[in-house]
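Engineer: I am sharing input-v3.txt, which consists of compact mmCIF, C-alpha atoms:
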# COMPACT_ATOMS: atom_id res chain seq x y z
CA MET A 454 21.12 -1.69 4.13
CA LYS A 455 23.79 -3.80 5.76
CA ASP A 456 23.39 -6.91 7.90
CA LYS A 457 25.91 -5.58 10.44
CA TYR A 458 23.21 -3.18 11.60
CA GLU A 459 20.78 -6.00 12.44
CA GLU A 460 20.69 -5.06 16.14
CA LEU A 461 19.60 -1.52 15.27
CA LEU A 462 16.49 -0.09 13.69
CA VAL A 463 18.06 1.70 10.71
CA ALA A 464 16.52 4.65 8.88
CA ARG A 465 17.81 6.56 5.86
CA TYR A 466 16.99 10.24 5.30
CA TYR A 467 17.59 12.87 2.65
CA VAL A 468 18.55 16.16 4.33
CA GLU A 469 19.17 19.78 3.45
CA HIS A 470 20.92 21.61 6.31
CA VAL A 471 22.07 25.20 6.74
CA LYS A 472 25.48 24.01 7.96
CA SER A 473 26.29 20.48 6.78
CA VAL A 474 24.96 16.97 6.27
CA GLU A 475 27.06 15.81 9.23
CA VAL A 476 25.48 18.38 11.54
CA ALA A 477 22.05 17.36 10.24
CA ALA A 478 22.78 13.76 11.21
CA GLU A 479 23.89 14.84 14.70
CA GLU A 480 20.72 16.88 15.19
CA ILE A 481 18.51 13.98 14.10
CA CYS A 482 20.27 11.66 16.55
CA ASP A 483 19.75 14.16 19.33
CA GLU A 484 16.17 15.14 18.62
CA GLU A 485 14.84 11.67 17.88
CA SER A 486 16.33 9.77 20.81
CA VAL A 487 17.60 11.12 24.16
CA GLY A 488 19.21 14.44 23.39
CA THR A 489 18.32 18.06 23.03
CA TRP A 490 20.00 21.20 21.74
CA THR A 491 22.28 21.76 24.77
CA LYS A 492 24.36 19.87 27.31
CA LEU A 493 22.19 18.35 30.03
CA THR A 494 22.61 18.33 33.82
CA THR A 495 19.40 16.48 34.61
CA ILE A 496 21.12 14.02 36.91
CA GLU A 497 24.80 13.36 37.52
CA ASN A 498 25.25 10.53 35.00
CA THR A 499 23.13 11.92 32.16
CA GLU A 500 25.99 12.89 29.85
CA ILE A 501 28.36 10.03 30.70
CA ASP A 502 25.91 7.10 30.91
CA ILE A 503 22.36 7.62 29.66
CA ILE A 504 23.04 9.59 26.49
CA PRO A 505 25.94 7.47 25.14
CA ARG A 506 23.99 4.27 25.86
CA LEU A 507 20.69 5.21 24.25
CA ARG A 508 21.44 7.99 21.78
CA ALA A 509 20.80 7.15 18.12
CA GLU A 510 24.03 6.85 16.14
CA ILE A 511 25.26 8.00 12.76
CA LEU A 512 26.06 5.01 10.58
CA ASP A 513 26.85 6.79 7.34
CA THR A 514 26.62 10.16 5.61
CA LYS A 515 26.80 11.12 1.95
CA ILE A 516 27.07 14.66 0.60
CA ILE A 517 25.09 15.26 -2.58
CA GLY A 518 25.85 18.94 -3.10
CA ASP A 519 26.34 22.44 -1.73
CA HIS A 520 23.63 24.90 -2.61
CA ASP A 521 22.78 28.50 -1.86
CA GLY A 522 23.07 28.51 1.91
CA TYR A 523 22.69 24.80 2.64
CA GLN A 524 24.25 21.39 2.04
CA SER A 525 22.25 18.38 0.86
CA GLY A 526 22.88 14.67 1.26
CA GLU A 527 21.76 11.42 2.82
CA VAL A 528 22.27 10.12 6.33
CA LEU A 529 21.89 6.65 7.78
CA ILE A 530 20.80 6.62 11.42
CA GLY A 531 20.72 3.63 13.77
CA PHE A 532 18.21 3.63 16.62
CA LYS A 533 18.83 1.40 19.64
CA THR A 534 16.08 -1.20 19.96
CA GLU A 535 15.99 -0.59 23.71
CA THR A 536 14.49 2.85 23.10
CA PHE A 537 11.31 1.50 21.49
CA ASP A 538 8.16 0.60 23.41
CA THR A 539 7.12 -2.48 21.42
CA GLU A 540 3.98 -2.92 23.50
CA ALA A 541 2.81 0.46 22.17
CA GLY A 542 3.00 -0.90 18.65
CA ILE A 543 3.90 1.15 15.61
CA THR A 544 3.24 4.43 17.42
CA SER A 545 6.54 4.26 19.33
CA ILE A 546 8.45 3.62 16.12
CA LEU A 547 6.85 6.49 14.22
CA SER A 548 7.36 8.93 17.07
CA MET A 549 11.12 8.46 16.75
CA LEU A 550 11.63 7.88 13.03
CA ALA A 551 9.15 10.52 11.88
CA GLY A 552 8.75 12.78 14.89
CA ASN A 553 9.98 16.32 15.59
CA LEU A 554 12.77 16.13 13.00
CA PHE A 555 10.44 17.47 10.29
CA GLY A 556 10.11 20.71 12.22
CA LEU A 557 13.77 21.39 12.96
CA GLY A 558 14.49 24.92 11.76
CA ALA A 559 18.04 24.24 10.56
CA LEU A 560 16.76 21.49 8.27
CA ARG A 561 15.52 23.20 5.14
CA ASN A 562 14.09 19.87 3.96
CA ILE A 563 14.16 16.29 5.24
CA ARG A 564 12.65 13.17 3.70
CA TRP A 565 12.45 9.75 5.33
CA LEU A 566 13.60 7.48 2.51
CA ASP A 567 13.85 3.95 3.85
CA VAL A 568 13.86 1.76 6.94
CA GLU A 569 15.04 -1.68 8.00
CA PHE A 570 13.47 -3.33 11.03
CA PRO A 571 15.54 -5.75 13.13
CA ARG A 572 13.94 -9.05 14.01
CA SER A 573 13.53 -7.97 17.63
CA ILE A 574 11.16 -5.23 16.46
CA ALA A 575 9.48 -7.04 13.55
CA GLU A 576 8.53 -10.08 15.62
CA ASN A 577 6.09 -7.93 17.58
CA PHE A 578 3.87 -7.53 14.51
CA PRO A 579 1.66 -10.08 12.74
CA GLY A 580 2.48 -9.56 9.07
CA PRO A 581 -0.08 -10.49 6.38
CA LYS A 582 -2.51 -13.23 7.38
CA PHE A 583 -3.05 -14.36 3.78
CA GLY A 584 -0.56 -12.58 1.57
CA VAL A 585 -0.14 -13.26 -2.13
CA GLU A 586 -0.33 -17.04 -1.83
CA GLY A 587 -3.40 -16.99 0.41
CA VAL A 588 -5.32 -14.56 -1.80
CA ARG A 589 -4.51 -16.70 -4.86
CA LYS A 590 -5.87 -19.81 -3.16
CA ILE A 591 -9.13 -18.02 -2.35
CA LEU A 592 -9.55 -16.87 -5.96
CA GLY A 593 -8.19 -20.03 -7.56
CA THR A 594 -5.56 -18.13 -9.55
CA ASP A 595 -2.81 -20.41 -8.28
CA LYS A 596 -3.86 -22.72 -11.12
CA GLY A 597 -5.55 -22.52 -14.50
CA GLU A 598 -4.32 -21.56 -17.96
CA PHE A 599 -1.96 -18.94 -16.54
CA PRO A 600 -1.19 -20.05 -12.98
CA ASN A 601 -0.16 -17.26 -10.63
CA ARG A 602 -1.08 -14.61 -13.17
CA PRO A 603 -1.79 -10.95 -12.39
CA HIS A 604 -5.26 -10.18 -11.04
CA VAL A 605 -7.70 -7.79 -12.68
CA GLY A 606 -9.75 -5.73 -10.27
CA THR A 607 -12.17 -2.84 -10.41
CA ILE A 608 -13.53 0.04 -8.38
CA VAL A 609 -17.21 0.55 -9.09
CA LYS A 610 -17.82 3.94 -10.69
CA PRO A 611 -19.27 6.43 -10.14
CA LYS A 612 -17.74 6.23 -6.70
CA MET A 613 -20.74 8.04 -5.21
CA GLY A 614 -24.47 7.96 -5.91
CA LEU A 615 -25.38 4.35 -6.71
CA THR A 616 -27.81 2.54 -4.43
CA ALA A 617 -26.70 -0.74 -2.87
CA LYS A 618 -28.74 -2.68 -5.43
CA GLU A 619 -27.32 -0.68 -8.33
CA TRP A 620 -23.79 -1.04 -6.96
CA ALA A 621 -24.18 -4.81 -6.70
CA THR A 622 -25.53 -5.00 -10.25
CA VAL A 623 -22.50 -3.14 -11.60
CA ALA A 624 -20.24 -5.41 -9.54
CA TYR A 625 -21.95 -8.44 -11.06
CA GLU A 626 -21.40 -7.11 -14.58
CA ALA A 627 -17.69 -6.58 -13.87
CA ALA A 628 -17.35 -10.05 -12.34
CA ILE A 629 -19.13 -11.77 -15.23
CA GLY A 630 -16.86 -9.84 -17.57
CA GLY A 631 -13.79 -11.37 -15.95
CA VAL A 632 -12.48 -9.35 -13.01
CA ASP A 633 -11.13 -11.19 -9.98
CA PHE A 634 -11.59 -8.50 -7.39
CA ILE A 635 -13.97 -5.62 -6.66
CA LYS A 636 -13.48 -2.91 -4.06
CA ASP A 637 -15.31 0.01 -2.55
CA ASP A 638 -13.77 3.36 -3.39
CA GLU A 639 -11.85 5.07 -0.61
CA ASN A 640 -14.64 7.50 0.27
CA LEU A 641 -17.58 5.13 -0.08
CA SER A 642 -18.48 3.89 3.37
CA ASN A 643 -21.97 4.08 4.92
CA GLN A 644 -23.70 6.95 3.16
CA PRO A 645 -27.54 6.93 3.25
CA PHE A 646 -27.85 6.25 -0.48
CA CYS A 647 -25.68 3.09 -0.20
CA PRO A 648 -25.57 1.67 3.34
CA ILE A 649 -22.60 -0.57 4.00
CA SER A 650 -24.59 -3.57 5.25
CA ASP A 651 -27.05 -3.41 2.35
CA ARG A 652 -24.15 -3.12 -0.12
CA THR A 653 -22.20 -5.98 1.43
CA VAL A 654 -25.14 -8.37 1.39
CA ALA A 655 -26.26 -7.36 -2.11
CA VAL A 656 -22.78 -7.83 -3.57
CA LEU A 657 -22.29 -11.19 -1.83
CA GLU A 658 -25.53 -12.43 -3.37
CA LYS A 659 -24.33 -11.33 -6.80
CA MET A 660 -20.90 -12.93 -6.31
CA ASP A 661 -22.63 -16.19 -5.36
CA GLN A 662 -24.55 -15.91 -8.62
CA VAL A 663 -21.27 -15.42 -10.51
CA LYS A 664 -19.87 -18.52 -8.83
CA GLU A 665 -22.90 -20.58 -9.88
CA GLU A 666 -22.80 -19.32 -13.46
CA THR A 667 -19.04 -19.41 -14.11
CA GLY A 668 -17.38 -21.46 -11.38
CA ARG A 669 -15.13 -18.47 -10.63
CA THR A 670 -14.63 -16.89 -7.23
CA VAL A 671 -14.69 -13.08 -7.15
CA ILE A 672 -14.28 -11.19 -3.88
CA HIS A 673 -15.43 -7.76 -2.78
CA ALA A 674 -13.42 -5.58 -0.36
CA VAL A 675 -15.77 -3.75 2.01
CA ASN A 676 -14.51 -0.35 3.15
CA VAL A 677 -14.79 -0.38 6.94
CA THR A 678 -12.74 2.79 7.47
CA ALA A 679 -14.16 4.93 10.29
CA LYS A 680 -13.38 6.15 13.78
CA HIS A 681 -12.30 3.37 16.13
CA ASP A 682 -15.56 2.20 17.70
CA VAL A 683 -17.58 2.58 14.51
CA MET A 684 -14.93 0.80 12.43
CA TRP A 685 -14.83 -2.22 14.68
CA ARG A 686 -18.61 -2.40 14.73
CA ARG A 687 -18.59 -2.34 10.93
CA ILE A 688 -15.89 -5.01 10.82
CA GLU A 689 -18.00 -7.29 13.00
CA GLU A 690 -21.13 -6.64 10.92
CA ALA A 691 -19.28 -7.22 7.65
CA ILE A 692 -17.85 -10.52 8.89
CA ASP A 693 -21.26 -11.59 10.21
CA ASN A 694 -22.78 -10.75 6.82
CA GLY A 695 -20.24 -13.00 5.12
CA ALA A 696 -17.75 -10.44 3.75
CA LYS A 697 -14.83 -12.08 1.95
CA CYS A 698 -12.41 -9.13 2.21
CA LEU A 699 -12.08 -5.92 4.23
CA MET A 700 -10.61 -2.62 3.14
CA ILE A 701 -9.00 0.05 5.30
CA ASP A 702 -7.74 3.54 4.43
CA VAL A 703 -4.60 3.09 6.49
CA ILE A 704 -3.34 6.69 6.56
CA LEU A 705 -6.71 7.93 7.78
CA THR A 706 -7.18 5.33 10.51
CA GLY A 707 -3.57 4.67 11.50
CA PHE A 708 -1.19 1.76 11.10
CA GLN A 709 -2.02 0.41 14.54
CA GLU A 710 -5.66 -0.16 13.56
CA LEU A 711 -4.42 -2.29 10.67
CA ALA A 712 -2.15 -4.21 13.02
CA GLN A 713 -5.11 -4.87 15.33
CA MET A 714 -7.19 -6.14 12.41
CA ALA A 715 -4.45 -8.46 11.20
CA ALA A 716 -3.84 -9.87 14.67
CA ASP A 717 -7.54 -10.41 15.48
CA PRO A 718 -8.34 -14.13 15.18
CA SER A 719 -11.98 -13.41 14.31
CA ILE A 720 -10.95 -11.71 11.06
CA LYS A 721 -10.42 -14.64 8.71
CA VAL A 722 -10.42 -12.67 5.45
CA PRO A 723 -7.75 -10.69 3.57
CA ILE A 724 -7.23 -7.00 4.32
CA HIS A 725 -6.98 -4.67 1.33
CA VAL A 726 -5.04 -1.50 2.21
CA HIS A 727 -5.75 1.80 0.44
CA ARG A 728 -3.26 4.64 0.86
CA THR A 729 -5.53 7.64 0.30
CA MET A 730 -4.00 10.94 1.57
CA HIS A 731 -0.47 9.54 1.34
CA ALA A 732 0.62 12.10 -1.26
CA ALA A 733 0.23 14.86 1.32
CA PHE A 734 3.58 13.71 2.67
CA THR A 735 5.02 11.35 0.02
CA ARG A 736 4.86 13.44 -3.17
CA ASN A 737 7.57 16.04 -2.44
CA GLN A 738 10.81 14.20 -3.19
CA ARG A 739 12.82 16.53 -0.92
CA HIS A 740 10.60 16.56 2.15
CA GLY A 741 8.19 14.31 4.00
CA ILE A 742 8.07 10.53 3.94
CA SER A 743 8.67 8.22 1.00
CA MET A 744 6.12 5.52 0.20
CA LEU A 745 8.88 2.91 0.68
CA PRO A 746 8.93 2.96 4.51
CA VAL A 747 5.13 3.22 4.50
CA SER A 748 4.91 0.04 2.42
CA LYS A 749 7.31 -1.83 4.68
CA ILE A 750 5.27 -0.84 7.71
CA VAL A 751 2.03 -1.95 6.03
CA ARG A 752 3.51 -5.37 5.28
CA MET A 753 4.91 -5.74 8.77
CA VAL A 754 1.66 -4.81 10.50
CA GLY A 755 -0.48 -7.08 8.34
CA GLY A 756 -1.72 -5.69 5.01
CA ASP A 757 -2.50 -8.44 2.48
CA GLN A 758 -2.84 -6.02 -0.47
CA LEU A 759 -1.49 -2.49 -0.83
CA HIS A 760 -1.77 0.24 -3.45
CA ILE A 761 1.79 1.19 -4.44
CA GLY A 762 1.43 3.16 -7.70
CA SER A 763 0.97 2.37 -11.37
CA TYR A 764 4.56 1.90 -12.61
CA GLY A 765 4.38 5.16 -14.53
CA GLN A 766 1.17 4.20 -16.33
CA GLY A 767 -1.67 5.94 -14.50
CA LYS A 768 -3.11 9.38 -13.77
CA MET A 769 -1.38 9.88 -10.42
CA ASP A 770 2.08 11.31 -9.86
CA THR A 771 4.45 8.37 -10.04
CA GLU A 772 8.12 7.43 -9.63
CA LEU A 773 8.89 4.22 -11.51
CA ASP A 774 12.19 3.45 -9.78
CA LEU A 775 10.62 3.96 -6.36
CA GLU A 776 7.62 1.80 -7.23
CA LEU A 777 9.96 -1.00 -8.31
CA GLN A 778 11.68 -0.73 -4.92
CA ILE A 779 8.31 -0.86 -3.19
CA LYS A 780 7.31 -3.92 -5.22
CA ASP A 781 10.50 -5.65 -4.09
CA ALA A 782 9.82 -4.65 -0.48
CA MET A 783 6.36 -6.24 -0.73
CA LEU A 784 7.57 -9.48 -2.32
CA ASN A 785 11.15 -10.13 -1.24
CA PRO A 786 11.83 -12.21 1.89
CA MET A 787 11.19 -10.27 5.12
CA TYR A 788 11.70 -12.60 8.06
CA GLU A 789 8.76 -15.02 8.10
CA PHE A 790 6.22 -12.48 6.84
CA LYS A 791 4.05 -13.45 3.90
CA GLN A 792 4.17 -11.36 0.74
CA THR A 793 1.87 -8.37 0.35
CA PHE A 794 0.11 -8.16 -3.02
CA PRO A 795 1.10 -4.92 -4.84
CA VAL A 796 -1.85 -3.03 -6.35
CA ALA A 797 -1.63 -0.67 -9.33
CA SER A 798 -4.51 1.77 -9.77
CA GLY A 799 -5.52 5.22 -10.96
CA GLY A 800 -6.30 5.96 -14.61
CA LEU A 801 -5.66 2.46 -15.96
CA TYR A 802 -7.22 0.89 -19.06
CA PRO A 803 -6.41 -2.07 -21.35
CA ALA A 804 -3.63 -0.41 -23.37
CA LYS A 805 -1.67 0.08 -20.13
CA ILE A 806 -1.52 -3.61 -19.28
CA PRO A 807 1.59 -4.70 -21.25
CA ASN A 808 3.80 -2.15 -19.47
CA LEU A 809 2.14 -2.83 -16.11
CA VAL A 810 2.99 -6.52 -16.43
CA LYS A 811 6.46 -5.71 -17.75
CA HIS A 812 7.29 -3.80 -14.57
CA GLY A 813 4.98 -5.45 -12.05
CA GLY A 814 5.36 -9.07 -13.10
CA ASN A 815 2.76 -11.68 -12.21
CA ASN A 816 2.36 -10.63 -8.59
CA LEU A 817 0.26 -7.64 -9.49
CA ILE A 818 -3.33 -6.50 -9.05
CA ILE A 819 -4.45 -4.18 -11.85
CA GLN A 820 -7.28 -1.99 -10.53
CA ALA A 821 -9.28 -0.21 -13.23
CA GLY A 822 -12.29 1.96 -12.52
CA GLY A 823 -13.11 4.21 -15.46
CA GLY A 824 -11.04 1.95 -17.71
CA ILE A 825 -13.74 -0.70 -17.24
CA HIS A 826 -16.93 1.24 -16.55
CA GLY A 827 -16.22 3.77 -19.28
CA HIS A 828 -16.15 1.18 -22.07
CA PRO A 829 -18.47 2.16 -24.95
CA ASP A 830 -20.52 -1.01 -24.45
CA GLY A 831 -20.71 -0.95 -20.68
CA THR A 832 -19.11 -2.53 -17.63
CA ARG A 833 -19.23 -6.18 -18.71
CA LYS A 834 -17.54 -5.44 -22.03
CA GLY A 835 -15.05 -3.20 -20.24
CA ALA A 836 -14.07 -6.02 -17.92
CA MET A 837 -13.78 -8.36 -20.89
CA ALA A 838 -11.46 -5.90 -22.64
CA MET A 839 -9.19 -5.69 -19.58
CA LYS A 840 -9.04 -9.47 -19.32
CA GLN A 841 -8.39 -9.79 -23.06
CA ALA A 842 -5.51 -7.32 -22.80
CA LEU A 843 -4.04 -9.37 -19.97
CA ASP A 844 -4.50 -12.65 -21.85
CA ALA A 845 -2.81 -11.19 -24.93
CA THR A 846 0.10 -9.96 -22.83
CA LEU A 847 0.57 -13.33 -21.13
CA LYS A 848 0.46 -15.06 -24.52
CA GLY A 849 3.03 -12.68 -25.96
CA ILE A 850 0.61 -11.28 -28.55
CA SER A 851 0.40 -7.57 -29.29
CA LEU A 852 -2.85 -5.86 -28.31
CA ASP A 853 -3.39 -4.70 -31.87
CA GLU A 854 -3.15 -8.25 -33.13
CA TYR A 855 -5.35 -9.66 -30.38
CA ALA A 856 -7.95 -6.94 -30.96
CA LYS A 857 -8.58 -8.23 -34.48
CA ASP A 858 -10.53 -11.14 -33.00
CA HIS A 859 -11.72 -9.48 -29.77
CA VAL A 860 -14.12 -6.63 -30.40
CA GLU A 861 -14.27 -5.54 -26.75
CA LEU A 862 -10.53 -4.90 -26.70
CA ALA A 863 -10.69 -3.25 -30.11
CA LYS A 864 -13.30 -0.76 -28.92
CA SER A 865 -11.25 -0.01 -25.81
CA LEU A 866 -8.15 0.70 -27.86
CA GLU A 867 -10.19 2.89 -30.18
CA LYS A 868 -11.56 4.94 -27.28
CA TRP A 869 -8.48 5.35 -25.07
CA GLY A 870 -5.62 4.79 -27.47
CA LYS A 871 -2.93 2.20 -27.93
Show how you would write the structure in this file as structure tokens.
Structural biologist:
Amino acid sequence: MKDKYEELLVARYYVEHVKSVEVAAEEICDEESVGTWTKLTTIENTEIDIIPRLRAEILDTKIIGDHDGYQSGEVLIGFKTETFDTEAGITSILSMLAGNLFGLGALRNIRWLDVEFPRSIAENFPGPKFGVEGVRKILGTDKGEFPNRPHVGTIVKPKMGLTAKEWATVAYEAAIGGVDFIKDDENLSNQPFCPISDRTVAVLEKMDQVKEETGRTVIHAVNVTAKHDVMWRRIEEAIDNGAKCLMIDVILTGFQELAQMAADPSIKVPIHVHRTMHAAFTRNQRHGISMLPVSKIVRMVGGDQLHIGSYGQGKMDTELDLELQIKDAMLNPMYEFKQTFPVASGGLYPAKIPNLVKHGGNNLIIQAGGGIHGHPDGTRKGAMAMKQALDATLKGISLDEYAKDHVELAKSLEKWGK
């Protein structure tokens, strides 16, 4: 988007309208700012003063095609910064950019594609407290044989059923095997078979053991996602117990909860952001909300790490071009905000790593669950195979060649393919 719009909050939409793309743009400007479907006589100066001053404006339109009964295209809409209640946080922004427009009857489909926040809006949010650089310093991956390399992470599997002690033991095996990062799964929270406090303490003890045995720092992201009062109680307990990272399911709790976490001075650990439930509105490429504006919001409000997709490599529905755009949005300069670490996850295993690194570069967290814990020789060997695949990739050696001298990788390639 263009710098000349820097005094506006600019959003881009794909539209399908029963009349035209231009009419769609006009209806969005009306519905999402000060207008309505008819001329107003609220007070004498409504039409000559209030509406022209505060109404969203059409910045650009592009027709893609005419179809059976509707026209499709893209529209660029500028929202006046004066219309946003910055004290209300992200809620005011979402109410305008993603409000009633999705229900307009004349719009057959509409998809929010992108957004650019002016400084006057962005400066009201904290951004990541640690970001890529801060997370690397905690883990020590800013130096070593491959400084600033990708991180290997895992999600303990099965996601449900392990006791806290069992969970911590599996986490230890993964850490000893070479992973940098371990996280709770999105639906593991405080179930009776694995209480959150017991799990947090047990895993911390095991990570201390890993530090003593290897000199490496491995961190565990505790899932604190819950309703407001319960979540903040869990955050406090996790911090008191020594947690080194917190995780939040941001779509379930809301972006403003993440913003509150990032701005809270008592939270001195990175925040790992999971996007579970996002596909309910991001998957349909003609309607809903793209993951691109979601990712920009997460960075602005304070996420240190965010799941963005697997660059076409995993089990989830994926759009490579979009994920590359999201990666850039997480890492490219955005005012004074720190970078958010992009996370790839979902159906990953060692053979996927070369292409993940090709597309994701070094600023990448590779999260493998089954691809580690499903290794024929167990979790530790599975973690070793993932790390070996990454080492081979960074050294410019094919996985087949590297597997000749690394049996863990060889068995992984034999099980899941090359």
Engineer: For Gly542 in chain A, work out the shell of residues within 12 Å, counting only C-alpha atoms and skipping chain neighbours fewer than 4 positions away, then give it as a list of chain:residue names.
Structural biologist: A:Phe537, A:Asp538, A:Ile546, A:Leu547, A:Ser548, A:Ile574, A:Ala575, A:Glu576, A:Asn577, A:Phe578, A:Pro579, A:Gly707, A:Phe708, A:Gln709, A:Glu710, A:Leu711, A:Ala712, A:Gln713, A:Ala716, A:Ile750, A:Met753, A:Val754
Engineer: I'd like the neighbourhood of Pro571 in chain A as JSON, numbers by chain, where a residue qualifies if any of its atoms comes within 10 Å (using only C-alpha atoms), though same-chain residues fewer than 4 positions away should be ignored.
Structural biologist: {"A": [456, 458, 459, 460, 461, 462, 463, 534, 575, 576, 788]}
Engineer: Generate a file of the selected residues that holds C-alpha atoms, formatted as an mmCIF file, keeping the file's coordinate frame.
Structural biologist:
data_model
loop_
_atom_site.group_PDB
_atom_site.id
_atom_site.type_symbol
_atom_site.label_atom_id
_atom_site.label_comp_id
_atom_site.auth_asym_id
_atom_site.auth_seq_id
_atom_site.Cartn_x
_atom_site.Cartn_y
_atom_site.Cartn_z
ATOM 1 C CA ASP A 456 23.390 -6.910 7.900
ATOM 2 C CA TYR A 458 23.210 -3.180 11.600
ATOM 3 C CA GLU A 459 20.780 -6.000 12.440
ATOM 4 C CA GLU A 460 20.690 -5.060 16.140
ATOM 5 C CA LEU A 461 19.600 -1.520 15.270
ATOM 6 C CA LEU A 462 16.490 -0.090 13.690
ATOM 7 C CA VAL A 463 18.060 1.700 10.710
ATOM 8 C CA THR A 534 16.080 -1.200 19.960
ATOM 9 C CA ALA A 575 9.480 -7.040 13.550
ATOM 10 C CA GLU A 576 8.530 -10.080 15.620
ATOM 11 C CA TYR A 788 11.700 -12.600 8.060
#
Engineer: Please build the interface table for range 521-555 of chain A against range 502-514 of chain A with a cut-off of 6 Å, listing for each qualifying residue the nearest atom pair and the distance in Å to one decimal; count all atoms listed in the file, order rows by chain and increasing number, and write it as JSON lines.
Structural biologist:
{"residue": "A:Glu527", "atom": "CA", "partner": "A:Thr514", "partner_atom": "CA", "distance": 5.7}
{"residue": "A:Val528", "atom": "CA", "partner": "A:Thr514", "partner_atom": "CA", "distance": 4.4}
{"residue": "A:Leu529", "atom": "CA", "partner": "A:Asp513", "partner_atom": "CA", "distance": 5.0}
{"residue": "A:Ile530", "atom": "CA", "partner": "A:Ile511", "partner_atom": "CA", "distance": 4.9}
{"residue": "A:Gly531", "atom": "CA", "partner": "A:Glu510", "partner_atom": "CA", "distance": 5.2}
{"residue": "A:Phe532", "atom": "CA", "partner": "A:Ala509", "partner_atom": "CA", "distance": 4.6}
Engineer: Go through A:Val751, A:Val677, A:Ala733, A:Val605 and flag the residue nearest Tyr802 in chain A, using only C-alpha atoms for the distances.
Structural biologist: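 Closest to Tyr802 in chain A of all the choices is A:Val605.
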Engineer: Taking all atoms of range 526-534 of chain A that the file lists and extending 4 Å past them on each side, where is the centre of the axis-aligned box and how long are its edges? Answer in Å to one decimal, as lines of an AutoDock Vina configuration file.
Structural biologist:
center_x = 19.5
center_y = 6.7
center_z = 10.6
size_x = 14.8
size_y = 23.9
size_z = 26.7
Engineer: Could you work out how far CA of Asp781 in chain A lies from CA of Gly587 in chain A, giving the answer in Å with one decimal?
Structural biologist: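 According to the coordinates, CA of Gly587 in chain A and CA of Asp781 in chain A are separated by 18.5 Å.
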Engineer: For a test of reading the model, state the distance in Å between CA of Lys848 in chain A and CA of Tyr625 in chain A, rounded to one decimal.
Structural biologist: 27.0 Å
Engineer: Write out as JSON, numbers by chain each polymer residue whose atoms come within 6 Å of range 745-749 of chain A, counting all atoms listed in the file; drop sequence neighbours fewer than 6 positions from it.
Structural biologist: {"A": [567, 568, 779]}
Engineer: List as a ChimeraX atom specification the protein and nucleic acid residues near range 681-698 of chain A, meaning an atom at most 12 Å away when all atoms listed in the file are counted, but skip any in the same chain fewer than 6 places from it.
Structural biologist: /A:582-583,588,591-592,634-637,642-643,648-658,660-661,670-675,705-707,709-711,713-715,717-726,756-758
Engineer: If I take CA of Gly765 in chain A and CA of Gly870 in chain A, how far is one from the other in Å, to one decimal?
Structural biologist: 16.4 Å
Engineer: Pick out the closest residue to Leu843 in chain A from this set: A:Arg572, A:His604, A:Lys768, A:Lys680. Count all atoms listed in the file.
Structural biologist: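 Answer, going by the shortest atom-to-atom distance: A:His604.
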Engineer: (-3.4, -8.8, -24.7) in this file's frame - what residues fall within 10 Å of it? Use only C-alpha atoms and give the answer as a PyMOL selection string.
Structural biologist: chain A and resi 803-804+806-807+838-856+859+862
Engineer: So that I can check the surroundings of Gly824 in chain A, please list as a PDB file with C-alpha atoms, in the coordinates of the input every protein, DNA and RNA residue that reaches within 10 Å of it, counting all atoms listed in the file and ignoring chain neighbours fewer than 2 positions away.
Structural biologist:
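Listed below is the output, around-v6.pdb:
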ATOM      1  CA  THR A 607     -12.170  -2.840 -10.410  1.00  0.00           C
ATOM      2  CA  ILE A 608     -13.530   0.040  -8.380  1.00  0.00           C
ATOM      3  CA  LYS A 610     -17.820   3.940 -10.690  1.00  0.00           C
ATOM      4  CA  GLY A 799      -5.520   5.220 -10.960  1.00  0.00           C
ATOM      5  CA  GLY A 800      -6.300   5.960 -14.610  1.00  0.00           C
ATOM      6  CA  LEU A 801      -5.660   2.460 -15.960  1.00  0.00           C
ATOM      7  CA  TYR A 802      -7.220   0.890 -19.060  1.00  0.00           C
ATOM      8  CA  PRO A 803      -6.410  -2.070 -21.350  1.00  0.00           C
ATOM      9  CA  ALA A 804      -3.630  -0.410 -23.370  1.00  0.00           C
ATOM     10  CA  LYS A 805      -1.670   0.080 -20.130  1.00  0.00           C
ATOM     11  CA  GLN A 820      -7.280  -1.990 -10.530  1.00  0.00           C
ATOM     12  CA  ALA A 821      -9.280  -0.210 -13.230  1.00  0.00           C
ATOM     13  CA  GLY A 822     -12.290   1.960 -12.520  1.00  0.00           C
ATOM     14  CA  HIS A 826     -16.930   1.240 -16.550  1.00  0.00           C
ATOM     15  CA  GLY A 827     -16.220   3.770 -19.280  1.00  0.00           C
ATOM     16  CA  HIS A 828     -16.150   1.180 -22.070  1.00  0.00           C
ATOM     17  CA  THR A 832     -19.110  -2.530 -17.630  1.00  0.00           C
ATOM     18  CA  GLY A 835     -15.050  -3.200 -20.240  1.00  0.00           C
ATOM     19  CA  ALA A 836     -14.070  -6.020 -17.920  1.00  0.00           C
ATOM     20  CA  ALA A 838     -11.460  -5.900 -22.640  1.00  0.00           C
ATOM     21  CA  MET A 839      -9.190  -5.690 -19.580  1.00  0.00           C
ATOM     22  CA  SER A 865     -11.250  -0.010 -25.810  1.00  0.00           C
ATOM     23  CA  TRP A 869      -8.480   5.350 -25.070  1.00  0.00           C
TER      24      TRP A 869
END
Engineer: For Gln524 in chain A, which of A:Phe646, A:Tyr764, A:Tyr467, A:Phe790 is the closest residue, counting all atoms listed in the file?
Structural biologist: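 Checking each candidate against Gln524 in chain A, we get A:Tyr467 as the closest.
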Engineer: Give me the residues of range 595-683 of chain A that have any atom at most 10 Å from an atom of range 808-815 of chain A; for each, the nearest atom pair and the distance in Å, rounded to one decimal. Use only C-alpha atoms, sort by chain and number, and format it as a tab-separated table.
Structural biologist:
residue	atom	partner	partner_atom	distance
A:Phe599	CA	A:Asn815	CA	9.7
A:Pro600	CA	A:Asn815	CA	9.3
A:Asn601	CA	A:Asn815	CA	6.5
A:Arg602	CA	A:Asn815	CA	4.9
A:Pro603	CA	A:Asn815	CA	4.6
A:His604	CA	A:Asn815	CA	8.2
